[in-house]
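> This is structure_0.csv (CSV, C-alpha atoms).
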chain,number,residue,atom,x,y,z
A,1,MET,CA,-23.3,-42.6,7.6
A,2,THR,CA,-24.1,-40.0,4.9
A,3,THR,CA,-20.4,-39.8,4.1
A,4,VAL,CA,-20.1,-43.6,3.8
A,5,LEU,CA,-23.1,-43.6,1.4
A,6,ALA,CA,-21.6,-40.8,-0.7
A,7,LEU,CA,-18.3,-42.6,-1.0
A,8,ALA,CA,-20.1,-45.9,-1.9
A,9,VAL,CA,-22.0,-44.0,-4.7
A,10,TYR,CA,-18.7,-42.5,-5.9
A,11,ALA,CA,-17.1,-45.9,-5.9
A,12,ALA,CA,-20.0,-47.4,-7.9
A,13,LEU,CA,-19.8,-44.6,-10.4
A,14,ALA,CA,-16.1,-45.0,-10.8
A,15,GLY,CA,-16.2,-48.8,-10.9
A,16,ALA,CA,-19.4,-49.6,-12.9
A,17,VAL,CA,-20.7,-46.5,-14.7
A,18,ALA,CA,-17.8,-44.3,-15.8
A,19,PRO,CA,-15.9,-47.2,-17.5
A,20,TYR,CA,-18.7,-47.7,-20.1
A,21,ALA,CA,-18.8,-44.0,-20.9
A,22,LEU,CA,-15.1,-43.8,-21.2
A,23,ALA,CA,-14.9,-46.9,-23.4
A,24,ARG,CA,-17.4,-45.3,-25.8
A,25,ALA,CA,-15.8,-41.8,-25.8
A,26,ARG,CA,-14.8,-40.7,-29.2
A,27,TRP,CA,-12.0,-38.5,-27.9
A,28,ALA,CA,-10.2,-41.5,-26.4
A,29,HIS,CA,-9.0,-42.8,-29.7
A,30,GLN,CA,-8.0,-39.2,-30.8
A,31,ALA,CA,-5.9,-38.7,-27.7
A,32,PRO,CA,-4.9,-42.2,-26.5
A,33,LYS,CA,-2.3,-41.0,-23.9
A,34,VAL,CA,-4.9,-38.8,-22.2
A,35,ALA,CA,-7.3,-41.7,-22.2
A,36,VAL,CA,-4.8,-44.0,-20.6
A,37,VAL,CA,-4.4,-41.4,-17.8
A,38,ALA,CA,-8.1,-41.3,-17.5
A,39,TRP,CA,-8.3,-45.1,-17.0
A,40,GLN,CA,-5.5,-45.0,-14.4
A,41,GLY,CA,-7.3,-42.2,-12.7
A,42,LEU,CA,-10.5,-44.2,-12.5
A,43,MET,CA,-8.7,-47.2,-11.0
A,44,ALA,CA,-6.9,-45.0,-8.4
A,45,ALA,CA,-10.2,-43.3,-7.6
A,46,PHE,CA,-11.9,-46.6,-7.0
A,47,VAL,CA,-9.2,-47.9,-4.7
A,48,VAL,CA,-9.0,-44.6,-2.7
A,49,THR,CA,-12.8,-44.3,-2.5
A,50,THR,CA,-13.2,-47.9,-1.3
A,51,ALA,CA,-10.5,-47.5,1.3
A,52,SER,CA,-12.0,-44.2,2.5
A,53,ALA,CA,-15.5,-45.8,2.7
A,54,VAL,CA,-14.2,-48.7,4.7
A,55,HIS,CA,-12.3,-46.4,7.0
A,56,GLN,CA,-15.4,-44.1,7.5
A,57,LEU,CA,-17.6,-47.2,8.2
A,58,ALA,CA,-15.2,-48.4,10.9
A,59,LEU,CA,-15.2,-45.0,12.5
A,60,VAL,CA,-19.0,-44.9,12.6
A,61,GLU,CA,-19.2,-48.4,14.1
A,62,GLN,CA,-16.6,-47.6,16.7
A,63,HIS,CA,-18.0,-44.1,17.4
A,64,VAL,CA,-14.6,-42.6,16.9
A,65,HIS,CA,-14.1,-39.0,15.8
A,66,SER,CA,-14.2,-39.1,12.0
A,67,GLY,CA,-13.0,-37.1,9.1
A,68,LEU,CA,-9.5,-35.8,8.7
A,69,VAL,CA,-9.3,-34.9,12.4
A,70,GLY,CA,-10.0,-38.5,13.4
A,71,LEU,CA,-7.5,-39.9,10.8
A,72,LEU,CA,-4.8,-37.6,12.2
A,73,GLY,CA,-5.7,-38.7,15.7
A,74,ILE,CA,-5.4,-42.3,14.8
A,75,CYS,CA,-2.0,-41.7,13.1
A,76,GLY,CA,-0.7,-40.3,16.4
A,77,LEU,CA,-0.8,-36.6,15.5
A,78,SER,CA,-3.8,-35.9,17.8
A,79,ARG,CA,-2.2,-33.9,20.6
A,80,ALA,CA,0.0,-31.8,18.3
A,81,VAL,CA,-2.6,-31.1,15.6
A,82,THR,CA,-6.1,-32.1,16.6
A,83,GLY,CA,-6.2,-31.4,20.3
A,84,ILE,CA,-7.9,-34.8,21.0
A,85,PRO,CA,-6.5,-37.5,23.2
A,86,ALA,CA,-3.7,-39.7,21.9
A,87,PRO,CA,-4.9,-42.9,20.1
A,88,THR,CA,-5.1,-46.3,21.8
A,89,PRO,CA,-3.8,-49.5,20.1
A,90,ALA,CA,-7.5,-50.3,19.4
A,91,ASP,CA,-7.9,-47.0,17.5
A,92,ALA,CA,-4.8,-47.7,15.4
A,93,LEU,CA,-6.4,-51.0,14.3
A,94,LEU,CA,-9.0,-49.0,12.5
A,95,LEU,CA,-6.4,-48.2,9.9
A,96,LEU,CA,-6.0,-51.9,9.1
A,97,PRO,CA,-9.1,-52.3,6.8
A,98,PRO,CA,-8.4,-49.4,4.5
A,99,LEU,CA,-4.7,-50.4,4.4
A,100,VAL,CA,-5.7,-53.9,3.2
A,101,VAL,CA,-7.8,-52.3,0.4
A,102,VAL,CA,-4.7,-50.4,-0.8
A,103,LEU,CA,-2.1,-53.1,-0.1
A,104,VAL,CA,-3.9,-55.9,-1.9
A,105,PRO,CA,-3.7,-54.4,-5.4
A,106,THR,CA,-0.2,-53.1,-4.6
A,107,CYS,CA,1.0,-56.7,-3.8
A,108,ARG,CA,-0.8,-57.9,-6.9
A,109,LEU,CA,1.1,-55.4,-9.0
A,110,VAL,CA,4.4,-56.5,-7.5
A,111,HIS,CA,3.5,-60.2,-8.2
A,112,CYS,CA,2.5,-59.3,-11.8
A,113,LEU,CA,5.8,-57.5,-12.4
A,114,ARG,CA,7.8,-60.5,-11.0
A,115,GLN,CA,5.8,-62.9,-13.3
A,116,ALA,CA,6.6,-60.7,-16.2
A,117,ARG,CA,10.2,-60.5,-15.4
A,118,ARG,CA,10.5,-64.3,-15.2
A,119,ALA,CA,8.8,-64.7,-18.5
A,120,GLN,CA,11.1,-62.1,-20.0
A,121,ARG,CA,14.1,-64.0,-18.8
A,122,ARG,CA,12.8,-67.2,-20.3
A,123,SER,CA,12.4,-65.4,-23.6
A,124,LEU,CA,15.8,-63.9,-23.5
A,125,ASP,CA,17.4,-67.2,-22.7
A,126,MET,CA,15.6,-68.7,-25.8
A,127,LEU,CA,16.7,-65.7,-27.9
A,128,ALA,CA,20.3,-66.4,-26.9
A,129,LEU,CA,20.0,-69.8,-28.4
A,130,VAL,CA,18.0,-69.2,-31.6
A,131,GLY,CA,18.3,-65.5,-32.3
A,132,ARG,CA,21.0,-63.6,-34.2
A,133,PRO,CA,21.8,-59.9,-33.8
A,134,ALA,CA,20.8,-57.4,-36.4
A,135,PRO,CA,22.6,-54.2,-35.3
A,136,GLU,CA,21.5,-52.3,-38.4
A,137,TYR,CA,18.0,-52.5,-37.1
A,138,GLY,CA,18.8,-52.6,-33.4
A,139,ALA,CA,16.9,-55.9,-33.1
A,140,THR,CA,17.3,-59.7,-32.9
A,141,VAL,CA,16.2,-61.8,-35.8
A,142,VAL,CA,14.6,-65.2,-35.3
A,143,ASP,CA,14.3,-67.8,-38.1
A,144,HIS,CA,10.6,-68.3,-38.2
A,145,ALA,CA,8.3,-68.2,-41.2
A,146,ALA,CA,5.4,-66.3,-39.6
A,147,ALA,CA,5.8,-62.5,-39.8
A,148,ALA,CA,6.0,-61.1,-36.3
A,149,VAL,CA,7.7,-58.1,-34.6
A,150,TYR,CA,7.6,-57.6,-30.9
A,151,CYS,CA,9.6,-56.2,-28.0
A,152,LEU,CA,10.7,-57.6,-24.6
A,153,PRO,CA,10.6,-54.7,-22.1
A,154,GLY,CA,12.5,-54.6,-18.8
A,155,GLY,CA,16.2,-54.1,-18.0
A,156,ALA,CA,17.5,-56.1,-20.9
A,157,ARG,CA,14.9,-54.9,-23.3
A,158,ARG,CA,15.0,-56.3,-26.8
A,159,ILE,CA,13.2,-55.9,-30.1
A,160,VAL,CA,12.6,-59.2,-32.0
A,161,VAL,CA,11.9,-59.6,-35.7
A,162,THR,CA,11.2,-62.9,-37.4
A,163,GLN,CA,12.6,-63.8,-40.7
A,164,GLY,CA,9.1,-64.0,-42.1
A,165,ALA,CA,8.7,-60.3,-41.2
A,166,LEU,CA,12.0,-59.4,-43.0
A,167,ASP,CA,10.7,-61.2,-46.1
A,168,ALA,CA,7.3,-59.6,-46.0
A,169,LEU,CA,8.1,-56.0,-45.2
A,170,THR,CA,9.9,-53.4,-47.2
A,171,GLU,CA,12.8,-51.5,-45.6
A,172,GLU,CA,10.5,-48.5,-44.9
A,173,GLN,CA,7.8,-50.6,-43.5
A,174,LEU,CA,10.2,-52.4,-41.2
A,175,ARG,CA,11.6,-49.1,-40.0
A,176,ALA,CA,8.0,-48.0,-39.2
A,177,VAL,CA,7.3,-51.1,-37.2
A,178,LEU,CA,10.5,-50.8,-35.3
A,179,ALA,CA,9.6,-47.2,-34.4
A,180,HIS,CA,6.3,-48.6,-33.0
A,181,GLU,CA,8.2,-51.1,-30.8
A,182,ARG,CA,10.7,-48.5,-29.6
A,183,ALA,CA,7.8,-46.3,-28.5
A,184,HIS,CA,6.6,-49.2,-26.3
A,185,LEU,CA,10.0,-49.5,-24.7
A,186,GLU,CA,10.7,-45.9,-24.2
A,187,GLY,CA,7.2,-45.3,-22.8
A,188,ARG,CA,7.5,-48.2,-20.4
A,189,HIS,CA,4.1,-49.4,-21.5
A,190,HIS,CA,4.6,-52.7,-19.8
A,191,LEU,CA,4.3,-51.1,-16.4
A,192,LEU,CA,0.8,-49.7,-17.3
A,193,GLN,CA,-0.3,-53.1,-18.6
A,194,ALA,CA,1.0,-54.7,-15.4
A,195,ALA,CA,-1.0,-52.2,-13.3
A,196,THR,CA,-4.3,-53.0,-15.2
A,197,ARG,CA,-3.6,-56.7,-14.9
A,198,ALA,CA,-3.1,-56.4,-11.2
A,199,PHE,CA,-6.2,-54.4,-10.8
A,200,GLN,CA,-8.3,-57.0,-12.7
A,201,ARG,CA,-6.9,-59.8,-10.5
A,202,THR,CA,-7.8,-57.8,-7.4
A,203,PHE,CA,-11.3,-56.9,-8.5
A,204,PRO,CA,-12.4,-59.6,-10.9
A,205,GLY,CA,-15.9,-59.0,-12.4
A,206,LEU,CA,-15.7,-55.3,-11.9
A,207,PRO,CA,-16.5,-53.5,-15.2
A,208,LEU,CA,-13.7,-51.0,-14.6
A,209,ALA,CA,-11.2,-53.9,-14.2
A,210,ARG,CA,-12.3,-55.7,-17.4
A,211,LEU,CA,-12.7,-52.6,-19.6
A,212,GLY,CA,-9.7,-50.9,-18.1
A,213,ARG,CA,-7.4,-53.7,-19.1
A,214,GLU,CA,-8.9,-54.1,-22.6
A,215,GLN,CA,-8.9,-50.4,-23.4
A,216,THR,CA,-5.5,-49.6,-21.9
A,217,ALA,CA,-3.9,-52.3,-24.1
A,218,LEU,CA,-5.6,-50.9,-27.2
A,219,LEU,CA,-4.8,-47.3,-26.3
A,220,LEU,CA,-1.1,-48.1,-25.6
A,221,GLU,CA,-0.9,-49.6,-29.1
A,222,MET,CA,-2.5,-46.5,-30.5
A,223,ALA,CA,0.0,-44.3,-28.6
A,224,ALA,CA,2.8,-46.3,-30.1
A,225,ASP,CA,1.2,-46.0,-33.5
A,226,ASP,CA,1.1,-42.2,-33.2
A,227,ARG,CA,4.8,-42.1,-32.2
A,228,ALA,CA,5.7,-44.2,-35.3
A,229,MET,CA,3.5,-42.1,-37.6
A,230,ALA,CA,5.3,-39.0,-36.4
A,231,ALA,CA,8.3,-40.1,-38.4
A,232,HIS,CA,6.8,-42.5,-41.0
A,233,PRO,CA,3.8,-42.2,-43.4
A,234,ARG,CA,0.6,-43.6,-42.0
A,235,ASP,CA,-0.1,-45.8,-45.0
A,236,VAL,CA,3.4,-47.3,-44.7
A,237,LEU,CA,2.8,-48.2,-41.0
A,238,ALA,CA,-0.8,-49.4,-41.8
A,239,THR,CA,0.5,-51.8,-44.5
A,240,ALA,CA,3.3,-53.1,-42.2
A,241,MET,CA,0.8,-53.6,-39.3
A,242,TYR,CA,-1.5,-55.6,-41.7
A,243,GLU,CA,1.4,-57.9,-42.6
A,244,VAL,CA,2.4,-58.6,-39.0
A,245,ALA,CA,-1.1,-58.5,-37.4
A,246,ALA,CA,-1.4,-62.2,-37.1
A,247,GLY,CA,2.1,-62.6,-35.6
A,248,GLN,CA,2.2,-64.2,-32.2
A,249,ALA,CA,4.2,-62.6,-29.4
A,250,PRO,CA,5.4,-64.6,-26.4
A,251,GLU,CA,4.2,-63.9,-22.9
A,252,ALA,CA,5.2,-60.6,-21.4
A,253,ALA,CA,6.1,-59.2,-24.8
A,254,LEU,CA,4.4,-56.3,-26.7
A,255,GLY,CA,3.6,-57.3,-30.3
A,256,ALA,CA,3.4,-55.0,-33.2
A,257,GLY,CA,0.1,-56.6,-34.2
A,258,GLY,CA,-1.4,-56.1,-30.8
A,259,PRO,CA,-5.0,-55.9,-29.7
A,260,GLY,CA,-7.7,-54.3,-31.9
A,261,ALA,CA,-5.6,-54.5,-35.1
A,262,LEU,CA,-8.6,-53.7,-37.3
A,263,ILE,CA,-9.6,-50.7,-35.2
A,264,ARG,CA,-6.1,-49.4,-35.3
A,265,LEU,CA,-5.8,-49.9,-39.1
A,266,ARG,CA,-8.9,-47.9,-39.7
A,267,ARG,CA,-7.6,-45.2,-37.3
A,268,MET,CA,-4.3,-45.0,-39.2
A,269,LEU,CA,-6.0,-44.6,-42.5
A,270,ALA,CA,-8.6,-42.0,-41.3
A,271,PRO,CA,-7.6,-38.4,-40.4
A,272,GLN,CA,-7.6,-37.9,-36.6
A,273,HIS,CA,-8.6,-34.6,-35.1
A,274,LYS,CA,-6.9,-34.4,-31.8
A,275,PRO,CA,-8.7,-32.5,-29.0
A,276,ARG,CA,-7.4,-29.0,-28.4
A,277,ARG,CA,-4.6,-28.6,-25.9
A,278,VAL,CA,-6.9,-27.0,-23.3
A,279,THR,CA,-9.3,-29.9,-23.6
A,280,GLY,CA,-6.5,-32.4,-23.2
A,281,TRP,CA,-5.1,-30.7,-20.1
A,282,SER,CA,-8.6,-30.4,-18.7
A,283,LEU,CA,-9.1,-34.1,-19.1
A,284,VAL,CA,-5.8,-34.9,-17.5
A,285,ALA,CA,-6.6,-32.6,-14.6
A,286,ALA,CA,-10.0,-34.3,-14.1
A,287,SER,CA,-8.3,-37.7,-14.1
A,288,LEU,CA,-5.8,-36.6,-11.5
A,289,ALA,CA,-8.5,-35.0,-9.4
A,290,ALA,CA,-10.7,-38.1,-9.4
A,291,PRO,CA,-8.8,-39.9,-6.7
A,292,VAL,CA,-8.5,-36.7,-4.6
A,293,LEU,CA,-12.2,-36.0,-4.5
A,294,PRO,CA,-13.1,-38.9,-2.2
A,295,LEU,CA,-10.3,-37.8,0.2
A,296,LEU,CA,-11.8,-34.3,0.4
A,297,LEU,CA,-15.2,-35.8,1.0
A,298,ALA,CA,-13.8,-38.0,3.8
A,299,CYS,CA,-12.2,-34.9,5.4
A,300,GLY,CA,-15.5,-33.7,6.7
A,301,PRO,CA,-17.1,-35.2,9.8
A,302,THR,CA,-19.3,-38.2,9.3
A,303,THR,CA,-23.0,-37.5,9.4
A,304,ASN,CA,-25.2,-40.1,10.9
Take the structure in this file and express it as structure tokens.

Amino acid sequence: MTTVLALAVYAALAGAVAPYALARARWAHQAPKVAVVAWQGLMAAFVVTTASAVHQLALVEQHVHSGLVGLLGICGLSRAVTGIPAPTPADALLLLPPLVVVLVPTCRLVHCLRQARRAQRRSLDMLALVGRPAPEYGATVVDHAAAAVYCLPGGARRIVVTQGALDALTEEQLRAVLAHERAHLEGRHHLLQAATRAFQRTFPGLPLARLGREQTALLLEMAADDRAMAAHPRDVLATAMYEVAAGQAPEAALGAGGPGALIRLRRMLAPQHKPRRVTGWSLVAASLAAPVLPLLLACGPTTN
């Protein structure tokens, strides 16, 4: 039971305490890619910890040998590895509760990806009717007065620019915004957004789910900003983002305005001191270790 309580505390820390600390961390905006990894690590840690706690609780209630030895025994590796008797069908059923904890968000993710794909197809069908190719920009132009630039990810990925954006932006500003959108496509940011959306739908009301989705969307925009600013002056990109900040992007698209436009504009215009490489790698290692720690905790025998 001690192991179950320890896992429950770990899940509470990952799901309700750490998200607020990470959302307020100054380094997150300085190293958005690392921060995205941290959010994904917290979500993975919460799922793994919850599944491990459910598994340990089932073992305690059924008085089955727990820890890694018990898990190997239930998986059918008992005689070869653990030396305990082979599992019965009833023992194998003990794997069902933790599998449900893992499979539910996985199925949600698949569903979110399918929804996004259908929305992208609808948008592509519409673009085929109202858009015109602009090969000099690698984009599709839509006759619309509002200034907007967005990308449609997926297999038939596309960058869309409205006529209003062409009228409002200079050539250099337009190139900077297009670089921002290409960063989204090349980084496959839509997959990370789908993961956070699936997690929120699986665990509605959980602070990690709400903050993780909000912060990941903002951090991905910042990561795309950084990629664009690597080739274009930050004041040029900031001016362009200001012009298209109010532009509306369709469902399943990533717009150049994006969430937290004011926060991003301030960030672009202020010098950013990125964490040292050692610090960045340490944060990444901690994020990757977060889902592993509950597994190590569950490897030991359950203490009553």
> If you count only C-alpha atoms, which residues fall within 12 Å of segment 227-229 of chain A, apart from same-chain ones fewer than 5 positions away, as a PyMOL selection string?
chain A and resi 32-33+172-187+220-222+234-238+240-241+256+267-269+272
> List the spatial neighbours of Ala35 of chain A as a ChimeraX atom specification - criterion: any atom at most 10 Å away, all atoms listed in the file, same-chain residues fewer than 2 positions off excluded.
/A:22-23,25,27-33,37-41,215-216,219-220,280,283-284,287
> Tell me which protein, DNA and RNA residues are within 8 Å of segment 146-154 of chain A, counting all atoms listed in the file, leaving out same-chain ones fewer than 4 positions away, and put them as a PyMOL selection string.
chain A and resi 117+120+158-166+168+177-178+181-182+184-185+188+190+243-249+252-257
> Using all atoms listed in the file, which of A:Leu295, A:Ala231, A:Leu127, A:Val278 sits nearest Ala139 of chain A?
A:Leu127
> Please report the interatomic distance between atom CA of Ala16 of chain A and atom CA of Pro207 of chain A in Å with one decimal.
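Distance reported for this atom pair: 5.4 Å.
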> One decimal, Å: what's the distance from atom CA of Ala194 of chain A over to atom CA of Pro135 of chain A, could you say?
29.4 Å
> What is the atom CA of Pro105 of chain A to atom CA of Leu42 of chain A distance in Å?
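If I compute the distance from atom CA of Pro105 of chain A to atom CA of Leu42 of chain A, I get 14.2 Å.
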> Point out the residue among A:Thr196, A:Pro19, A:Arg26, A:Leu5 with the least atom-to-atom distance to Arg108 of chain A, counting all atoms listed in the file.
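Under the stated criterion, the closest residue is A:Thr196.
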> Determine the nearest neighbour of Thr279 of chain A from the options A:Leu96, A:Ala217, A:Glu251, A:Val34, counting all atoms listed in the file.
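Among the listed residues, the smallest separation from Thr279 of chain A belongs to A:Val34.
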> Show me as a VMD selection string the residues that reach within 10 Å of (-9.2, -56.8, -8.1), counting only C-alpha atoms and using the file's own coordinates.
chain A and resid 47 101 104 to 105 108 196 to 206 208 to 210
